[in-house]
Every structure is written in structure tokens, then in C-alpha cells.
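Visitor: Data file run_39.cif (mmCIF, C-alpha atoms) is appended below.
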```
data_run
loop_
_atom_site.group_PDB
_atom_site.id
_atom_site.type_symbol
_atom_site.label_atom_id
_atom_site.label_comp_id
_atom_site.auth_asym_id
_atom_site.auth_seq_id
_atom_site.Cartn_x
_atom_site.Cartn_y
_atom_site.Cartn_z
ATOM 1 C CA MET A 1200 60.310 31.028 -13.876
ATOM 2 C CA ALA A 1201 63.069 29.595 -11.706
ATOM 3 C CA ALA A 1202 61.069 30.361 -8.559
ATOM 4 C CA ILE A 1203 58.070 28.512 -9.987
ATOM 5 C CA GLY A 1204 60.290 25.555 -10.825
ATOM 6 C CA ARG A 1205 61.527 25.400 -7.231
ATOM 7 C CA SER A 1206 58.130 25.961 -5.619
ATOM 8 C CA GLN A 1207 56.461 23.481 -3.310
ATOM 9 C CA ASP A 1208 53.255 23.855 -5.338
ATOM 10 C CA LEU A 1209 55.005 22.528 -8.446
ATOM 11 C CA ALA A 1210 56.611 19.726 -6.434
ATOM 12 C CA ASP A 1211 53.191 18.739 -5.059
ATOM 13 C CA ALA A 1212 51.547 18.900 -8.495
ATOM 14 C CA SER A 1213 54.334 16.821 -10.062
ATOM 15 C CA LEU A 1214 54.026 14.169 -7.363
ATOM 16 C CA ASP A 1215 50.233 14.090 -7.814
ATOM 17 C CA VAL A 1216 50.640 13.450 -11.548
ATOM 18 C CA ALA A 1217 53.227 10.738 -10.874
ATOM 19 C CA GLN A 1218 50.892 9.100 -8.345
ATOM 20 C CA ARG A 1219 48.164 8.989 -11.000
ATOM 21 C CA GLY A 1220 50.675 7.423 -13.378
ATOM 22 C CA ALA A 1221 51.592 4.800 -10.777
ATOM 23 C CA ALA A 1222 47.903 4.016 -10.314
ATOM 24 C CA LEU A 1223 47.593 3.493 -14.077
ATOM 25 C CA GLY A 1224 50.611 1.187 -13.969
ATOM 26 C CA ARG A 1225 48.936 -0.908 -11.271
ATOM 27 C CA LYS A 1226 45.744 -0.958 -13.337
ATOM 28 C CA TYR A 1227 47.477 -2.201 -16.496
ATOM 29 C CA ASP A 1228 49.877 -4.535 -14.699
ATOM 30 C CA PRO A 1229 48.144 -5.637 -11.453
ATOM 31 C CA ASP A 1230 50.910 -8.081 -10.572
ATOM 32 C CA GLY A 1231 53.556 -5.348 -10.808
ATOM 33 C CA THR A 1232 54.564 -2.808 -8.179
ATOM 34 C CA TYR A 1233 54.421 0.863 -9.170
ATOM 35 C CA SER A 1234 55.044 3.923 -7.055
ATOM 36 C CA ALA A 1235 55.664 7.640 -7.364
ATOM 37 C CA GLU A 1236 58.564 9.517 -5.866
ATOM 38 C CA PRO A 1237 59.737 13.117 -5.823
ATOM 39 C CA ARG A 1238 62.641 13.787 -8.144
ATOM 40 C CA GLY A 1239 64.620 16.895 -8.802
ATOM 41 C CA VAL A 1240 66.082 17.892 -12.124
ATOM 42 C CA ARG A 1241 68.677 20.434 -13.171
ATOM 43 C CA ALA A 1242 67.521 22.982 -15.721
ATOM 44 C CA GLY A 1243 67.865 26.552 -16.868
ATOM 45 C CA TRP A 1244 70.826 28.677 -17.794
ATOM 46 C CA ASN A 1245 72.440 28.156 -14.396
ATOM 47 C CA ASN A 1246 71.649 24.439 -14.173
ATOM 48 C CA GLU A 1247 69.475 25.059 -11.119
ATOM 49 C CA PHE A 1248 67.356 22.541 -9.235
ATOM 50 C CA ARG A 1249 63.720 22.206 -10.336
ATOM 51 C CA ALA A 1250 60.989 20.209 -8.626
ATOM 52 C CA GLY A 1251 59.594 17.105 -10.278
ATOM 53 C CA ALA A 1252 58.484 13.528 -9.731
ATOM 54 C CA ALA A 1253 58.700 10.154 -11.433
ATOM 55 C CA VAL A 1254 56.692 6.968 -11.809
ATOM 56 C CA VAL A 1255 58.847 4.070 -10.669
ATOM 57 C CA GLN A 1256 58.281 0.468 -11.649
ATOM 58 C CA ASP A 1257 59.676 -1.336 -8.630
ATOM 59 C CA GLU A 1258 58.792 -4.811 -9.839
ATOM 60 C CA PRO A 1259 57.004 -5.658 -13.087
ATOM 61 C CA GLY A 1260 54.362 -8.334 -12.876
ATOM 62 C CA TYR A 1261 55.445 -9.655 -16.248
ATOM 63 C CA PRO A 1262 58.976 -8.517 -17.197
ATOM 64 C CA ALA A 1263 58.426 -8.485 -20.958
ATOM 65 C CA ALA A 1264 55.505 -6.100 -20.483
ATOM 66 C CA ARG A 1265 57.590 -3.425 -18.736
ATOM 67 C CA ARG A 1266 58.129 -1.102 -21.681
ATOM 68 C CA MET A 1267 54.600 -1.564 -22.958
ATOM 69 C CA VAL A 1268 53.049 -0.752 -19.577
ATOM 70 C CA MET A 1269 55.262 2.253 -18.896
ATOM 71 C CA ALA A 1270 54.731 3.605 -22.425
ATOM 72 C CA ASP A 1271 50.962 3.242 -22.041
ATOM 73 C CA VAL A 1272 51.095 4.990 -18.662
ATOM 74 C CA LEU A 1273 52.997 7.893 -20.227
ATOM 75 C CA ILE A 1274 50.533 8.141 -23.119
ATOM 76 C CA ALA A 1275 47.608 8.049 -20.694
ATOM 77 C CA MET A 1276 49.151 10.793 -18.568
ATOM 78 C CA GLU A 1277 49.822 12.966 -21.602
ATOM 79 C CA SER A 1278 46.281 12.493 -22.907
ATOM 80 C CA GLN A 1279 44.845 13.025 -19.398
ATOM 81 C CA ARG A 1280 43.082 9.637 -19.340
ATOM 82 C CA GLY A 1281 44.307 9.046 -15.817
#
```
Take the structure in this file and express it as C-alpha cells.

Guide:
Amino acid sequence: MAAIGRSQDLADASLDVAQRGAALGRKYDPDGTYSAEPRGVRAGWNNEFRAGAAVVQDEPGYPAARRMVMADVLIAMESQRG
């Protein structure tokens, strides 16, 4: 499992999902700036590095909408709408 978590395939898949999430963010908040970036996390019994990625809201188009947009992006990603 640890080898899978460190694999380039998982890193690539995570970044692809985050890029889809960033695209949804731009769709819901066209005046905002959304991007995806690789991120590592620590996990497992030995607190080892695992591959991952994140959707980053660099600049919201409408600041009060930030949580709403990011929550909707997460829901869309989880339900595979994106």
C-alpha cells in the first residue's frame, strides 16, 4: 500500500482530479482564479510521504462566495459531476 501511495501513477491521478476541481471552481466563480498543485501528505504507521494534490483558490472573484464555491467543487468531485 505504501508503494502505491508513493507511486507516480497516483500522483498523476491526484493532480488530474485536482485539475478537474479547479476547472469546476472557474466554472462556478468565473472571476476567481483556481489552480491545481501537487501536494504530499504524511500517512501510515511510519508517517511516510504519500502523493496527492489540491485545488487552490488563488483569488476568489467574490470573497464571500469562497466557501460556497469550494464546498460545491468538493461535492461535485465526490459525486463525479466534474

Visitor: I need the residue nearest Met1267 in chain A from this list: A:Gly1243, A:Val1255, A:Tyr1227, A:Asp1208. Use all atoms listed in the file for the distance.

Guide: A:Tyr1227

Visitor: Give as a PyMOL selection string every residue, naming chains and numbers as the document does, that has an atom within 12 Å of (64.5, 14.5, -14.3), counting only C-alpha atoms.

Guide: chain A and resi 1213+1236-1242+1248-1254

Visitor: Filtering to C-alpha atoms, could you give me those residues as a tab-separated table (two decimals), in the frame of the given file?

Guide:
```
chain	number	residue	atom	x	y	z
A	1213	SER	CA	54.33	16.82	-10.06
A	1236	GLU	CA	58.56	9.52	-5.87
A	1237	PRO	CA	59.74	13.12	-5.82
A	1238	ARG	CA	62.64	13.79	-8.14
A	1239	GLY	CA	64.62	16.90	-8.80
A	1240	VAL	CA	66.08	17.89	-12.12
A	1241	ARG	CA	68.68	20.43	-13.17
A	1242	ALA	CA	67.52	22.98	-15.72
A	1248	PHE	CA	67.36	22.54	-9.24
A	1249	ARG	CA	63.72	22.21	-10.34
A	1250	ALA	CA	60.99	20.21	-8.63
A	1251	GLY	CA	59.59	17.10	-10.28
A	1252	ALA	CA	58.48	13.53	-9.73
A	1253	ALA	CA	58.70	10.15	-11.43
A	1254	VAL	CA	56.69	6.97	-11.81
```

Visitor: Running the PyMOL selection byres ((chain A and resi 1232) around 8) on this model by hand, what would come out? Give it as number ranges by chain.

Guide: A: 1225, 1229-1231, 1233-1234, 1256-1260

Visitor: For those residues, write C-alpha atoms to a file as a PDB file, in the coordinates of the input.

Guide:
```pdb
ATOM      1  CA  ARG A1225      48.936  -0.908 -11.271  1.00  0.00           C
ATOM      2  CA  PRO A1229      48.144  -5.637 -11.453  1.00  0.00           C
ATOM      3  CA  ASP A1230      50.910  -8.081 -10.572  1.00  0.00           C
ATOM      4  CA  GLY A1231      53.556  -5.348 -10.808  1.00  0.00           C
ATOM      5  CA  TYR A1233      54.421   0.863  -9.170  1.00  0.00           C
ATOM      6  CA  SER A1234      55.044   3.923  -7.055  1.00  0.00           C
ATOM      7  CA  GLN A1256      58.281   0.468 -11.649  1.00  0.00           C
ATOM      8  CA  ASP A1257      59.676  -1.336  -8.630  1.00  0.00           C
ATOM      9  CA  GLU A1258      58.792  -4.811  -9.839  1.00  0.00           C
ATOM     10  CA  PRO A1259      57.004  -5.658 -13.087  1.00  0.00           C
ATOM     11  CA  GLY A1260      54.362  -8.334 -12.876  1.00  0.00           C
TER      12      GLY A1260
END
```

Visitor: What separation in Å, quoted to one decimal, exists between CA of Val1272 in chain A and CA of Ala1222 in chain A?

Guide: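 Interatomic distance here is 9.0 Å.
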
Visitor: Here is a test: counting all atoms listed in the file, which residue of A:Ala1235, A:Asp1228, A:Leu1223, A:Glu1247 is nearest to Ala1202 in chain A?

Guide: A:Glu1247

Visitor: CA of Ile1203 in chain A to CA of Ala1270 in chain A: how many Å, to one decimal?

Guide: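 It comes out at 28.0 Å.
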
Visitor: Which residue, A:Ala1210, A:Gly1220, A:Lys1226, A:Met1200, has the smallest gap to Ile1274 in chain A when you use all atoms listed in the file?

Guide: A:Gly1220

Visitor: Between CA of Ser1278 in chain A and CA of Arg1205 in chain A, what is the spacing in Å?

Guide: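 Calculated distance between CA of Arg1205 in chain A and CA of Ser1278 in chain A is 25.4 Å.
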
Visitor: When you count only C-alpha atoms, which of these residues is closest to Gln1218 in chain A: A:Ser1206, A:Met1276, A:Val1268, A:Asn1246?

Guide: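 Closest candidate: A:Met1276.
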